[in-house]
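What follows is a set of notes on a single structure, which appears directly below.
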Amino acid sequence: MTPTSSAPGASVTVDTQPAVAQNYRMSDSYGVVGHPVAHSWSPFIHGLFARESGQSMTYPLYDFTPEEFEPRVRELFAQGGRGLNITVPHKMAAVGIATRLTPRAAHAGAVNTLAMQKDGTILGDNTDGAGLVRDLCDNLGLVIIRRRILIVGAGGAARGVIAPLLALEPREIVITNRTAERAESLAQAFAKLGSVQGVGIGYIGGGPFDLVINATSASLSNDLPPITATIIGPETVCYDMAYGKTDTPFVQWSLDKGCARAAQGWGMLIEQAAESFRVWRGIKPATASVLTALKERALGLGAP
């Protein structure tokens with residue numbers, strides 16, 4: 001284990017051992033923290049994972065503002081909570097709560113999974129990248145090697161997926177953001193892992209990309225990042241890490257611009273949740289049936 005910084009005046013340890021929570025009990029308390037968070041399907045997903053794997057656990061929603069986030073999360077753990085998922089806008093703030101980080105969380109500088117350990121420490125992990133890669137490659141059948149990838153957004157969601165994508169050896173990853181400095185800084189943080197650059201959102205060059213990933217939260221407010229149609233070609237696959245009952249604005253825009261295929265982040269949501277469940281309970285749940293059930297419930301597909 002090696003030390004790394006998390007916030008001014010604080011430090012954590014990077015845990016090089018497999019991320020599996022210890023000393024769990026039946027009927028342990030988990031949950032998801034965000035702001036807003038009412039739209040989250042995580043309680044439904046983890047409820048199905050628990051039922052199908054024979055686990056008994058609670059999993060409510062917690063809507064905490066940025067000001068409330070740290071004290072309220074620490075209070076939940078002090079009251080016996082065993083783990084939390086962290087979503088927008090708290091993923092980078094969650095690094096400061098963790099005592100130890102997994103390597104993938106340390107690379108990302110963002111945490112989406114917190115797990116109380118047997119020794120009273122709090123493990124910080126990031127399962128977003130694993131979830132995205134599994135959805136892109138296993139569920140959607142995409143090839144990443146030698147492809148050009150554009151990531152729109154430079155926040156916590158983007159941070160969690162860059163290293164796993166670079167591990168698949170794309171030709172290059174371009175990160176774009178309204179504030180060019182944020183994109184450039186994020187690219188620099190991952191420069192040793194592969195070909196990655198950051199640019200302002202008005203300065204994207206090189207023609208159409210093979211894969212465009214929307215890692216902004218714009219879809220949550222029914223909005224669209226100010227991106228240009230030149231990034232889309234007839235063979236471009238577009239992926240929105242957000243999700244909704246109908247096509248998100250990014251998916252609608254991508255299809256209107258003539259992309260080959262566009263998908264929402266339902267599969268990523270399931271796959272990253274399955275990895276969080278493994279971290280907490282030591283069990284990797286099956287995902288195919290849960291994804292089917294989620295789409296039936298959320299999108300009104302199949303049986304009511």
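Ordering of the structure tokens sets the chain letters (A, B, ...); residue numbers start at 1 within each chain; ligands are numbered from 1 in the order shown.
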
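Using only C-alpha atoms, the residues found no farther than 7 Å from segment 243-254 of chain A, other than those of its own chain fewer than 2 positions away, are A:Ser219, A:Asn222, A:Asp223, A:Leu224, A:Cys238, A:Asp240, A:Met241, A:Asp256, A:Lys257, A:Gly258, A:Cys259, A:Ala262, A:Ala263, A:Gln264, A:Gly265, A:Trp266, A:Ala298, A:Leu299.
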
field: Near-segment 149-159 of chain A list (7 Å; only C-alpha atoms; drop same-chain fewer than 6 positions) as a PyMOL selection string
entry: chain A and resi 91-92+108-110+172-177+182-183+186+209-216

Requested write-out: C-alpha atoms of the selected residues, as a JSON list (two decimals), in the first residue's frame:
[["chain", "number", "residue", "atom", "x", "y", "z"],
["A", 91, "LYS", "CA", -17.58, 11.62, -6.60],
["A", 92, "MET", "CA", -14.48, 13.75, -6.12],
["A", 108, "ALA", "CA", -9.46, 8.44, -11.26],
["A", 109, "GLY", "CA", -9.22, 10.83, -8.34],
["A", 110, "ALA", "CA", -12.91, 10.08, -7.88],
["A", 172, "GLU", "CA", -6.25, 8.28, -28.80],
["A", 173, "ILE", "CA", -8.65, 9.72, -26.27],
["A", 174, "VAL", "CA", -9.62, 13.38, -26.53],
["A", 175, "ILE", "CA", -11.24, 15.00, -23.50],
["A", 176, "THR", "CA", -13.26, 18.13, -24.12],
["A", 177, "ASN", "CA", -14.87, 20.54, -21.68],
["A", 182, "ARG", "CA", -10.01, 21.43, -16.87],
["A", 183, "ALA", "CA", -9.81, 19.15, -19.91],
["A", 186, "LEU", "CA", -7.38, 15.89, -16.68],
["A", 209, "PHE", "CA", -14.58, 9.94, -33.85],
["A", 210, "ASP", "CA", -15.20, 6.21, -33.62],
["A", 211, "LEU", "CA", -16.77, 6.56, -30.17],
["A", 212, "VAL", "CA", -18.21, 9.66, -28.48],
["A", 213, "ILE", "CA", -19.02, 9.39, -24.77],
["A", 214, "ASN", "CA", -21.11, 12.03, -23.01],
["A", 215, "ALA", "CA", -19.76, 12.14, -19.45],
["A", 216, "THR", "CA", -21.52, 15.39, -18.53]]

Computed interatomic separation between atom CA of Val199 of chain A and atom CA of Leu166 of chain A (Å): 17.6 Å

Thr113 of chain A surroundings by only C-alpha atoms, 6 Å radius, close-in-sequence under 6 positions cut, as a list in words: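 Here the qualifying residues turn out to be Leu84, Asn85, Ile86, Gly124, Asp125 and Asn126 of chain A.
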
Using only N, CA and C atoms, please write the residues we just selected to a file, as an mmCIF file, in the first residue's frame.
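Once written, out.cif looks like this:
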data_model
loop_
_atom_site.group_PDB
_atom_site.id
_atom_site.type_symbol
_atom_site.label_atom_id
_atom_site.label_comp_id
_atom_site.auth_asym_id
_atom_site.auth_seq_id
_atom_site.Cartn_x
_atom_site.Cartn_y
_atom_site.Cartn_z
ATOM 1 N N LEU A 84 -21.751 2.661 0.604
ATOM 2 C CA LEU A 84 -22.530 3.639 -0.133
ATOM 3 C C LEU A 84 -22.046 3.720 -1.573
ATOM 4 N N ASN A 85 -22.993 3.906 -2.478
ATOM 5 C CA ASN A 85 -22.661 4.370 -3.821
ATOM 6 C C ASN A 85 -22.718 5.889 -3.824
ATOM 7 N N ILE A 86 -21.820 6.509 -4.573
ATOM 8 C CA ILE A 86 -21.734 7.959 -4.647
ATOM 9 C C ILE A 86 -21.944 8.382 -6.092
ATOM 10 N N GLY A 124 -12.299 3.353 -0.474
ATOM 11 C CA GLY A 124 -12.852 4.101 -1.591
ATOM 12 C C GLY A 124 -12.499 3.421 -2.898
ATOM 13 N N ASP A 125 -13.503 3.149 -3.722
ATOM 14 C CA ASP A 125 -13.287 2.453 -4.984
ATOM 15 C C ASP A 125 -14.005 3.224 -6.095
ATOM 16 N N ASN A 126 -13.680 2.922 -7.324
ATOM 17 C CA ASN A 126 -14.376 3.494 -8.465
ATOM 18 C C ASN A 126 -14.694 2.377 -9.445
#

field: Backbone-only DSSP, alpha helix (DSSP H) members of segment 177-270 of chain A, as a list in words
entry: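 Matching residues, listed in order: Ala180, Glu181, Arg182, Ala183, Glu184, Ser185, Leu186, Ala187, Gln188, Ala189, Pro249, Phe250, Val251, Gln252, Trp253, Ser254, Leu255, Asp256, Trp266, Gly267, Met268, Leu269 and Ile270 of chain A.
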
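Shortest separation to Arg297 of chain A among A:Val37, A:Gln272, A:Ile45, A:Ala106 occurs at residue A:Ile45, atoms counted being only C-alpha atoms.
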
task: For atom CA of Ala180 of chain A and atom CA of Gly198 of chain A, quote the distance in Å rounded to one decimal.
output: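 So the answer is 7.0 Å.
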
- prompt: So which residues touch Pro60 of chain A within 9 Å, counting only C-alpha atoms, skipping near sequence neighbours fewer than 6 positions away, as a VMD selection string?
  reply: chain A and resid 29 to 33 42 to 43

task: Calculate how many Å separate atom CA of Val161 of chain A from atom CA of Met268 of chain A, rounding to one decimal.
output: 10.9 Å
